[in-house]
>>> print(open('start04.cif').read())   # mmCIF, C-alpha atoms
data_protein
loop_
_atom_site.label_atom_id
_atom_site.label_comp_id
_atom_site.auth_asym_id
_atom_site.auth_seq_id
_atom_site.Cartn_x
_atom_site.Cartn_y
_atom_site.Cartn_z
CA MET A 17 -24.20 63.03 -10.73
CA ILE A 18 -26.35 60.22 -9.35
CA MET A 19 -24.71 57.23 -7.61
CA LEU A 20 -26.41 54.06 -6.39
CA ILE A 21 -25.00 51.02 -4.59
CA LYS A 22 -26.77 47.71 -5.15
CA THR A 23 -25.96 44.28 -3.67
CA TRP A 24 -27.18 40.79 -4.53
CA ASP A 25 -26.50 37.56 -2.66
CA LEU A 26 -26.42 35.18 -5.60
CA SER A 27 -27.40 32.25 -3.40
CA THR A 28 -30.87 33.76 -3.04
CA CYS A 29 -31.08 36.02 -6.11
CA CYS A 30 -31.43 34.25 -9.45
CA LYS A 31 -30.04 35.43 -12.76
CA GLU A 32 -33.44 36.76 -13.86
CA GLN A 33 -33.74 38.94 -10.74
CA VAL A 34 -30.24 40.38 -11.05
CA MET A 35 -30.58 41.11 -14.76
CA GLY A 36 -34.10 42.47 -14.25
CA ASP A 37 -32.87 44.89 -11.58
CA LEU A 38 -29.99 46.02 -13.78
CA ARG A 39 -32.36 46.50 -16.71
CA VAL A 40 -34.59 48.78 -14.62
CA LEU A 41 -31.58 50.77 -13.41
CA LYS A 42 -30.30 51.06 -16.97
CA HIS A 43 -33.60 52.62 -18.06
CA GLN A 44 -33.23 55.05 -15.16
CA GLY A 45 -29.92 56.25 -16.60
CA LEU A 46 -27.70 54.19 -14.29
CA GLN A 47 -25.92 51.91 -16.73
CA ALA A 48 -22.22 52.44 -15.92
CA GLY A 49 -20.10 51.73 -12.88
CA VAL A 50 -17.93 49.33 -10.93
CA TYR A 51 -18.81 45.76 -9.96
CA ILE A 52 -17.39 43.42 -7.33
CA PHE A 53 -17.73 39.63 -7.22
CA ARG A 54 -17.04 38.27 -3.71
CA ASN A 55 -16.46 34.54 -3.21
CA LYS A 56 -18.17 33.48 0.02
CA VAL A 57 -16.10 30.27 0.21
CA ASN A 58 -12.53 31.63 0.05
CA LEU A 59 -13.40 35.35 0.52
CA LYS A 60 -11.51 36.33 -2.65
CA SER A 61 -12.81 39.24 -4.71
CA TYR A 62 -12.73 40.53 -8.25
CA VAL A 63 -13.22 44.18 -9.25
CA GLY A 64 -14.18 45.31 -12.74
CA SER A 65 -16.01 48.15 -14.45
CA SER A 66 -17.98 48.95 -17.57
CA VAL A 67 -19.97 51.75 -19.14
CA HIS A 68 -22.55 49.04 -19.95
CA LEU A 69 -22.90 47.08 -16.70
CA TYR A 70 -26.03 45.22 -17.82
CA ASN A 71 -24.16 43.69 -20.78
CA ARG A 72 -21.02 42.99 -18.74
CA ILE A 73 -22.81 41.13 -15.96
CA ALA A 74 -24.80 39.18 -18.57
CA ASP A 75 -21.48 38.03 -20.06
CA TYR A 76 -20.54 36.47 -16.71
CA TYR A 77 -23.81 34.59 -16.56
CA TYR A 78 -23.44 33.28 -20.10
CA ASN A 79 -19.66 32.77 -19.73
CA ASN A 80 -18.82 34.81 -22.83
CA GLU A 81 -15.01 34.62 -22.57
CA SER A 82 -14.46 34.57 -26.31
CA HIS A 83 -14.70 38.32 -26.94
CA GLY A 84 -12.10 39.09 -24.27
CA LYS A 85 -14.11 41.63 -22.26
CA ILE A 86 -14.49 39.58 -19.09
CA SER A 87 -11.83 38.18 -16.78
CA ILE A 88 -11.13 34.54 -17.49
CA ILE A 89 -10.04 34.02 -13.87
CA ILE A 90 -13.26 35.16 -12.20
CA SER A 91 -15.29 33.58 -15.01
CA ARG A 92 -13.78 30.18 -14.26
CA ALA A 93 -14.09 30.73 -10.52
CA LEU A 94 -17.81 31.36 -11.04
CA ALA A 95 -18.00 28.14 -13.04
CA LYS A 96 -16.13 26.16 -10.37
CA TYR A 97 -17.86 27.48 -7.26
CA THR A 98 -21.15 28.38 -9.04
CA HIS A 99 -22.79 31.79 -8.85
CA SER A 100 -24.63 30.79 -5.67
CA ASN A 101 -21.36 31.03 -3.72
CA PHE A 102 -20.80 34.67 -4.67
CA LYS A 103 -22.12 38.08 -3.75
CA LEU A 104 -22.34 40.79 -6.38
CA LEU A 105 -22.05 44.48 -5.50
CA VAL A 106 -22.25 47.32 -8.01
CA PHE A 107 -21.62 51.05 -7.79
CA LEU A 108 -23.82 52.57 -10.50
CA VAL A 109 -23.44 56.15 -11.73
CA SER A 110 -25.27 58.32 -14.25
CA SER A 111 -21.99 59.25 -15.96
CA THR A 112 -20.77 57.16 -18.92
CA ASP A 113 -17.35 58.85 -19.04
CA SER A 114 -14.97 55.89 -19.38
CA LYS A 115 -12.10 57.77 -17.72
CA TYR A 116 -14.24 58.48 -14.67
CA ILE A 117 -15.41 54.86 -14.52
CA LEU A 118 -11.80 53.63 -14.62
CA PHE A 119 -10.94 56.16 -11.91
CA MET A 120 -13.70 54.66 -9.75
CA GLU A 121 -12.48 51.14 -10.46
CA GLN A 122 -8.91 52.07 -9.50
CA LEU A 123 -10.10 53.48 -6.17
CA VAL A 124 -11.92 50.24 -5.36
CA ILE A 125 -8.93 48.13 -6.44
CA ASP A 126 -6.60 50.18 -4.25
CA ILE A 127 -8.90 49.74 -1.26
CA LEU A 128 -9.81 46.06 -1.64
CA GLN A 129 -6.63 44.64 -3.24
CA PRO A 130 -8.81 42.00 -4.97
CA GLU A 131 -7.19 38.59 -5.22
CA TYR A 132 -8.81 37.58 -8.53
CA ASN A 133 -7.43 40.62 -10.39
CA ILE A 134 -4.22 39.69 -12.22
CA LEU A 135 -2.98 43.27 -12.30
CA SER A 136 -3.60 46.10 -9.85
CA VAL A 137 -4.19 48.72 -12.56
CA ALA A 138 -7.71 49.45 -13.80
CA GLY A 139 -8.19 49.14 -17.55
CA SER A 140 -5.30 46.69 -18.03
CA PRO A 141 -4.98 45.26 -21.56
CA ILE A 142 -5.72 41.64 -20.60
CA GLY A 143 -7.85 40.01 -23.25
CA PHE A 144 -8.12 43.13 -25.41
CA LYS A 145 -6.68 43.75 -28.87
CA HIS A 146 -5.13 47.02 -29.96
CA SER A 147 -6.85 48.82 -32.81
CA LEU A 148 -4.88 49.16 -36.04
CA GLU A 149 -4.35 52.84 -35.26
CA SER A 150 -2.99 52.01 -31.79
CA LYS A 151 -0.72 49.31 -33.21
CA GLU A 152 0.69 51.77 -35.74
CA LYS A 153 1.37 54.35 -33.03
CA ILE A 154 3.16 51.74 -30.93
CA ARG A 155 5.16 50.62 -33.95
CA GLN A 156 6.19 54.22 -34.74
CA ILE A 157 7.29 54.84 -31.15
CA ALA A 158 9.32 51.63 -31.13
CA PHE A 159 10.85 52.51 -34.50
CA LYS A 160 11.87 56.01 -33.38
CA ARG A 161 13.55 54.55 -30.31
CA GLY A 162 15.28 51.90 -32.38
CA TRP A 163 13.42 49.07 -30.64
CA LYS A 164 13.26 46.40 -33.30
CA GLY A 165 13.48 42.71 -32.46
CA GLU A 166 16.49 42.03 -30.28
CA THR A 167 17.18 45.74 -29.67
CA HIS A 168 14.07 46.10 -27.50
CA PRO A 169 15.22 46.96 -23.93
CA SER A 170 13.59 43.90 -22.39
CA PHE A 171 14.39 41.42 -25.15
CA ASN A 172 17.40 39.63 -23.71
CA THR A 173 18.69 41.70 -20.80
CA GLY A 174 18.32 38.96 -18.22
CA LYS A 175 14.91 40.17 -17.06
CA PRO A 176 13.02 37.11 -15.75
CA VAL A 177 9.94 35.84 -17.56
CA TYR A 178 7.29 34.07 -15.50
CA LEU A 179 5.00 31.32 -16.83
CA ILE A 180 1.85 31.53 -14.72
CA GLU A 181 -0.97 29.00 -14.72
CA VAL A 182 -4.50 30.45 -14.61
CA LEU A 183 -6.73 28.41 -12.31
CA PRO A 184 -10.31 29.00 -11.10
CA GLU A 185 -9.01 29.53 -7.57
CA GLY A 186 -6.25 31.92 -8.62
CA LEU A 187 -2.79 31.81 -10.18
CA ASN A 188 0.08 29.35 -9.85
CA LEU A 189 3.70 29.92 -10.87
CA THR A 190 4.66 27.14 -13.28
CA ALA A 191 8.17 28.20 -14.32
CA THR A 192 10.68 31.07 -14.28
CA PHE A 193 12.96 31.81 -17.25
CA SER A 194 16.04 34.01 -17.07
CA ASN A 195 15.05 35.98 -20.18
CA ILE A 196 12.90 35.94 -23.33
CA ARG A 197 15.42 33.85 -25.27
CA CYS A 198 15.36 31.12 -22.62
CA CYS A 199 11.56 31.23 -22.47
CA SER A 200 11.32 30.95 -26.24
CA THR A 201 13.70 27.99 -26.38
CA THR A 202 12.08 26.09 -23.50
CA LEU A 203 8.50 26.56 -24.67
CA ALA A 204 9.47 26.09 -28.34
CA ILE A 205 7.69 29.25 -29.48
CA ASN A 206 8.86 32.24 -31.47
CA ARG A 207 10.49 35.07 -29.47
CA ASN A 208 8.16 37.62 -30.98
CA THR A 209 5.23 35.48 -29.81
CA VAL A 210 6.71 35.45 -26.30
CA SER A 211 7.02 39.24 -26.37
CA ARG A 212 3.43 39.68 -27.59
CA ARG A 213 2.07 37.37 -24.91
CA ILE A 214 3.98 39.22 -22.21
CA ALA A 215 2.70 42.56 -23.44
CA SER A 216 -0.94 41.50 -23.82
CA LYS A 217 -1.22 39.08 -20.85
CA LYS A 218 -3.39 37.02 -23.18
CA VAL A 219 -4.19 33.53 -21.90
CA PHE A 220 -2.85 30.62 -23.98
CA LYS A 221 -2.77 26.83 -23.66
CA TYR A 222 0.40 25.08 -22.43
CA ASN A 223 0.43 21.39 -21.50
CA GLY A 224 -3.36 21.42 -21.56
CA SER A 225 -3.73 24.25 -19.04
CA SER A 226 -4.37 27.99 -19.36
CA HIS A 227 -1.28 30.17 -18.83
CA ILE A 228 -0.01 33.73 -19.18
CA LEU A 229 3.52 35.09 -19.55
CA SER A 230 4.62 38.08 -17.50
CA PHE A 231 7.65 40.10 -16.43
CA ASP A 232 5.93 40.61 -13.06
CA LEU A 233 4.61 38.27 -10.41
CA PRO A 234 0.97 39.24 -9.69
CA HIS A 235 0.29 39.99 -6.02
CA LEU A 236 -2.24 37.16 -5.72
CA LEU A 237 0.34 34.41 -6.26
CA ASP A 238 1.04 32.43 -3.15
CA PRO A 239 4.59 33.02 -1.90
#
>>> encode(input="start04.cif", output="structure tokens")
Amino acid sequence: MIMLIKTWDLSTCCKEQVMGDLRVLKHQGLQAGVYIFRNKVNLKSYVGSSVHLYNRIADYYYNNESHGKISIIISRALAKYTHSNFKLLVFLVSSTDSKYILFMEQLVIDILQPEYNILSVAGSPIGFKHSLESKEKIRQIAFKRGWKGETHPSFNTGKPVYLIEVLPEGLNLTATFSNIRCCSTTLAINRNTVSRRIASKKVFKYNGSSHILSFDLPHLLDP
């Protein structure tokens, strides 16, 4: 297997140079791997991966948040600080095995503990939708275990729910609710919607700002 490490200082390397280099590497069979955005102002990092790095990096330049394949946090940080205040480093490999790429990403996450990553697990479901087949499998598992509505183990057991604001510079804890019922009542949204948002970590608008709901406090939140 071939591996190559490539670095760009985005203050001196323009979009055309970065994408041109990635295009050449793609034609050489190096199209998959792990990428790191490093903010030179606050020294925070973001780690991601893709089997199509050329397309993924292009998404960050064109701010394509809508299809859910790029991190909204680092995307907005790039918009706030501009690309010129970041360095981009990629580990490119000749393998396009998605499991191996995620394994590489997890190693880098474990080493760097990147502040812009909401979760510390590679391949987290943030921004992605389950396929119909996956949804059916999840539904069948829940049905077999008797987890329907209020019988789900986390539905109303007193497990705290955190409302977290997504900002370009990181995350901010907006509110803490004692359970899903309390969260649903306070935010005036359906309990099933609360559960779905917790499970997917999908960003939604609340009081004009971007937020997520979570059972866990991400490590990058300030204490």
>>> resolve_selection(input="start04.cif", expression="the PyMOL selection byres ((chain A and resi 70) around 10)", output="PDB file with C-alpha atoms, keeping the file's coordinate frame")
ATOM      1  CA  VAL A  34     -30.240  40.380 -11.050  1.00  0.00           C
ATOM      2  CA  MET A  35     -30.580  41.110 -14.760  1.00  0.00           C
ATOM      3  CA  GLY A  36     -34.100  42.470 -14.250  1.00  0.00           C
ATOM      4  CA  ASP A  37     -32.870  44.890 -11.580  1.00  0.00           C
ATOM      5  CA  LEU A  38     -29.990  46.020 -13.780  1.00  0.00           C
ATOM      6  CA  ARG A  39     -32.360  46.500 -16.710  1.00  0.00           C
ATOM      7  CA  VAL A  40     -34.590  48.780 -14.620  1.00  0.00           C
ATOM      8  CA  LEU A  41     -31.580  50.770 -13.410  1.00  0.00           C
ATOM      9  CA  LYS A  42     -30.300  51.060 -16.970  1.00  0.00           C
ATOM     10  CA  LEU A  46     -27.700  54.190 -14.290  1.00  0.00           C
ATOM     11  CA  GLN A  47     -25.920  51.910 -16.730  1.00  0.00           C
ATOM     12  CA  ALA A  48     -22.220  52.440 -15.920  1.00  0.00           C
ATOM     13  CA  SER A  66     -17.980  48.950 -17.570  1.00  0.00           C
ATOM     14  CA  VAL A  67     -19.970  51.750 -19.140  1.00  0.00           C
ATOM     15  CA  HIS A  68     -22.550  49.040 -19.950  1.00  0.00           C
ATOM     16  CA  LEU A  69     -22.900  47.080 -16.700  1.00  0.00           C
ATOM     17  CA  ASN A  71     -24.160  43.690 -20.780  1.00  0.00           C
ATOM     18  CA  ARG A  72     -21.020  42.990 -18.740  1.00  0.00           C
ATOM     19  CA  ILE A  73     -22.810  41.130 -15.960  1.00  0.00           C
ATOM     20  CA  ALA A  74     -24.800  39.180 -18.570  1.00  0.00           C
ATOM     21  CA  ASP A  75     -21.480  38.030 -20.060  1.00  0.00           C
TER      22      ASP A  75
END
>>> atom_distance(input="start04.cif", atom1="atom CA of Ser91 of chain A", atom2="atom CA of Tyr76 of chain A")
6.2 Å
>>> resolve_selection(input="start04.cif", expression="the PyMOL selection byres ((chain A and resi 131) around 8)", output="NGL selection string")
:A and (60-62 or 129-130 or 132-134 or 186 or 235-236)
>>> residues_near_point(input="start04.cif", point="(-24.5, 36.0, -5.4)", cutoff="10 Å", atoms="all atoms listed in the file", output="number ranges by chain")
A: 23-31, 34, 53-56, 94, 98-105
>>> residues_around(input="start04.cif", residues="Ile214 of chain A", least_positions_apart="5", cutoff="10 Å", atoms="all atoms listed in the file", output="count of residues only")
12
>>> atom_distance(input="start04.cif", atom1="atom CA of Val182 of chain A", atom2="atom CA of Ile89 of chain A")
6.6 Å
>>> closest_residue(input="start04.cif", among="A:Lys96, A:Thr202, A:Val50, A:Lys175", to="Phe119 of chain A", atoms="all atoms listed in the file")
A:Val50
>>> closest_residue(input="start04.cif", among="A:Ile90, A:Leu135, A:Lys115, A:Asn58", to="Ser216 of chain A", atoms="only C-alpha atoms")
A:Leu135
>>> residues_around(input="start04.cif", residues="Leu123 of chain A", least_positions_apart="3", cutoff="12 Å", atoms="only C-alpha atoms", output="list of chain:residue names")
A:Val50, A:Val63, A:Gly64, A:Ser65, A:Phe107, A:Tyr116, A:Ile117, A:Leu118, A:Phe119, A:Met120, A:Asp126, A:Ile127, A:Leu128, A:Gln129, A:Pro130, A:Ser136, A:Val137, A:Ala138
>>> resolve_selection(input="start04.cif", expression="the PyMOL selection byres ((chain A and resi 203) around 12)", output="CSV table (one decimal) with C-alpha atoms, in the coordinates of the input")
chain,number,residue,atom,x,y,z
A,177,VAL,CA,9.9,35.8,-17.6
A,178,TYR,CA,7.3,34.1,-15.5
A,179,LEU,CA,5.0,31.3,-16.8
A,191,ALA,CA,8.2,28.2,-14.3
A,192,THR,CA,10.7,31.1,-14.3
A,193,PHE,CA,13.0,31.8,-17.2
A,196,ILE,CA,12.9,35.9,-23.3
A,197,ARG,CA,15.4,33.8,-25.3
A,198,CYS,CA,15.4,31.1,-22.6
A,199,CYS,CA,11.6,31.2,-22.5
A,200,SER,CA,11.3,31.0,-26.2
A,201,THR,CA,13.7,28.0,-26.4
A,202,THR,CA,12.1,26.1,-23.5
A,204,ALA,CA,9.5,26.1,-28.3
A,205,ILE,CA,7.7,29.2,-29.5
A,206,ASN,CA,8.9,32.2,-31.5
A,207,ARG,CA,10.5,35.1,-29.5
A,209,THR,CA,5.2,35.5,-29.8
A,210,VAL,CA,6.7,35.4,-26.3
A,221,LYS,CA,-2.8,26.8,-23.7
A,222,TYR,CA,0.4,25.1,-22.4
A,223,ASN,CA,0.4,21.4,-21.5
A,227,HIS,CA,-1.3,30.2,-18.8
A,229,LEU,CA,3.5,35.1,-19.6
>>> atom_distance(input="start04.cif", atom1="atom CA of Lys22 of chain A", atom2="atom CA of Gln44 of chain A")
14.0 Å
>>> build_atoms(input="start04.cif", residues="segment 89-122 of chain A", atoms="N, CA and C atoms", output="CSV table (one decimal), in the coordinates of the input")
chain,number,residue,atom,x,y,z
A,89,ILE,N,-10.3,34.6,-15.2
A,89,ILE,CA,-10.0,34.0,-13.9
A,89,ILE,C,-11.3,34.0,-13.1
A,90,ILE,N,-12.0,35.1,-13.0
A,90,ILE,CA,-13.3,35.2,-12.2
A,90,ILE,C,-14.4,34.4,-12.9
A,91,SER,N,-14.3,34.4,-14.3
A,91,SER,CA,-15.3,33.6,-15.0
A,91,SER,C,-15.2,32.1,-14.7
A,92,ARG,N,-14.0,31.6,-14.6
A,92,ARG,CA,-13.8,30.2,-14.3
A,92,ARG,C,-14.0,29.9,-12.8
A,93,ALA,N,-13.8,30.9,-11.9
A,93,ALA,CA,-14.1,30.7,-10.5
A,93,ALA,C,-15.6,30.6,-10.3
A,94,LEU,N,-16.4,31.4,-11.1
A,94,LEU,CA,-17.8,31.4,-11.0
A,94,LEU,C,-18.3,30.0,-11.5
A,95,ALA,N,-17.6,29.5,-12.5
A,95,ALA,CA,-18.0,28.1,-13.0
A,95,ALA,C,-17.7,27.0,-12.0
A,96,LYS,N,-16.5,27.2,-11.3
A,96,LYS,CA,-16.1,26.2,-10.4
A,96,LYS,C,-17.0,26.2,-9.1
A,97,TYR,N,-17.1,27.4,-8.5
A,97,TYR,CA,-17.9,27.5,-7.3
A,97,TYR,C,-19.4,27.7,-7.4
A,98,THR,N,-19.8,28.0,-8.7
A,98,THR,CA,-21.2,28.4,-9.0
A,98,THR,C,-21.5,29.8,-8.5
A,99,HIS,N,-22.4,30.4,-9.2
A,99,HIS,CA,-22.8,31.8,-8.8
A,99,HIS,C,-23.4,31.9,-7.4
A,100,SER,N,-24.0,30.8,-7.0
A,100,SER,CA,-24.6,30.8,-5.7
A,100,SER,C,-23.7,31.0,-4.5
A,101,ASN,N,-22.4,30.8,-4.8
A,101,ASN,CA,-21.4,31.0,-3.7
A,101,ASN,C,-20.7,32.4,-3.8
A,102,PHE,N,-21.3,33.3,-4.5
A,102,PHE,CA,-20.8,34.7,-4.7
A,102,PHE,C,-21.8,35.7,-4.3
A,103,LYS,N,-21.3,36.9,-3.9
A,103,LYS,CA,-22.1,38.1,-3.8
A,103,LYS,C,-21.7,39.0,-4.9
A,104,LEU,N,-22.6,39.8,-5.4
A,104,LEU,CA,-22.3,40.8,-6.4
A,104,LEU,C,-22.7,42.2,-5.9
A,105,LEU,N,-21.8,43.1,-5.9
A,105,LEU,CA,-22.0,44.5,-5.5
A,105,LEU,C,-21.7,45.4,-6.6
A,106,VAL,N,-22.5,46.4,-6.9
A,106,VAL,CA,-22.2,47.3,-8.0
A,106,VAL,C,-22.4,48.8,-7.5
A,107,PHE,N,-21.5,49.6,-8.0
A,107,PHE,CA,-21.6,51.0,-7.8
A,107,PHE,C,-22.1,51.6,-9.1
A,108,LEU,N,-23.3,52.1,-9.2
A,108,LEU,CA,-23.8,52.6,-10.5
A,108,LEU,C,-23.8,54.1,-10.5
A,109,VAL,N,-23.5,54.7,-11.6
A,109,VAL,CA,-23.4,56.2,-11.7
A,109,VAL,C,-24.1,56.6,-13.0
A,110,SER,N,-24.6,57.8,-13.1
A,110,SER,CA,-25.3,58.3,-14.2
A,110,SER,C,-24.3,58.7,-15.3
A,111,SER,N,-23.0,58.9,-15.0
A,111,SER,CA,-22.0,59.2,-16.0
A,111,SER,C,-21.6,58.0,-16.8
A,112,THR,N,-21.3,58.2,-18.1
A,112,THR,CA,-20.8,57.2,-18.9
A,112,THR,C,-19.4,57.5,-19.4
A,113,ASP,N,-18.7,58.4,-18.7
A,113,ASP,CA,-17.4,58.8,-19.0
A,113,ASP,C,-16.4,57.7,-18.7
A,114,SER,N,-15.8,57.1,-19.6
A,114,SER,CA,-15.0,55.9,-19.4
A,114,SER,C,-13.8,56.2,-18.5
A,115,LYS,N,-13.2,57.4,-18.6
A,115,LYS,CA,-12.1,57.8,-17.7
A,115,LYS,C,-12.5,57.8,-16.3
A,116,TYR,N,-13.7,58.4,-16.0
A,116,TYR,CA,-14.2,58.5,-14.7
A,116,TYR,C,-14.5,57.1,-14.1
A,117,ILE,N,-15.1,56.2,-15.0
A,117,ILE,CA,-15.4,54.9,-14.5
A,117,ILE,C,-14.1,54.1,-14.1
A,118,LEU,N,-13.1,54.3,-14.9
A,118,LEU,CA,-11.8,53.6,-14.6
A,118,LEU,C,-11.2,54.2,-13.4
A,119,PHE,N,-11.4,55.5,-13.1
A,119,PHE,CA,-10.9,56.2,-11.9
A,119,PHE,C,-11.6,55.5,-10.7
A,120,MET,N,-12.9,55.3,-10.8
A,120,MET,CA,-13.7,54.7,-9.8
A,120,MET,C,-13.2,53.2,-9.5
A,121,GLU,N,-13.0,52.5,-10.6
A,121,GLU,CA,-12.5,51.1,-10.5
A,121,GLU,C,-11.1,51.1,-9.7
A,122,GLN,N,-10.2,52.0,-10.1
A,122,GLN,CA,-8.9,52.1,-9.5
A,122,GLN,C,-9.0,52.3,-8.0
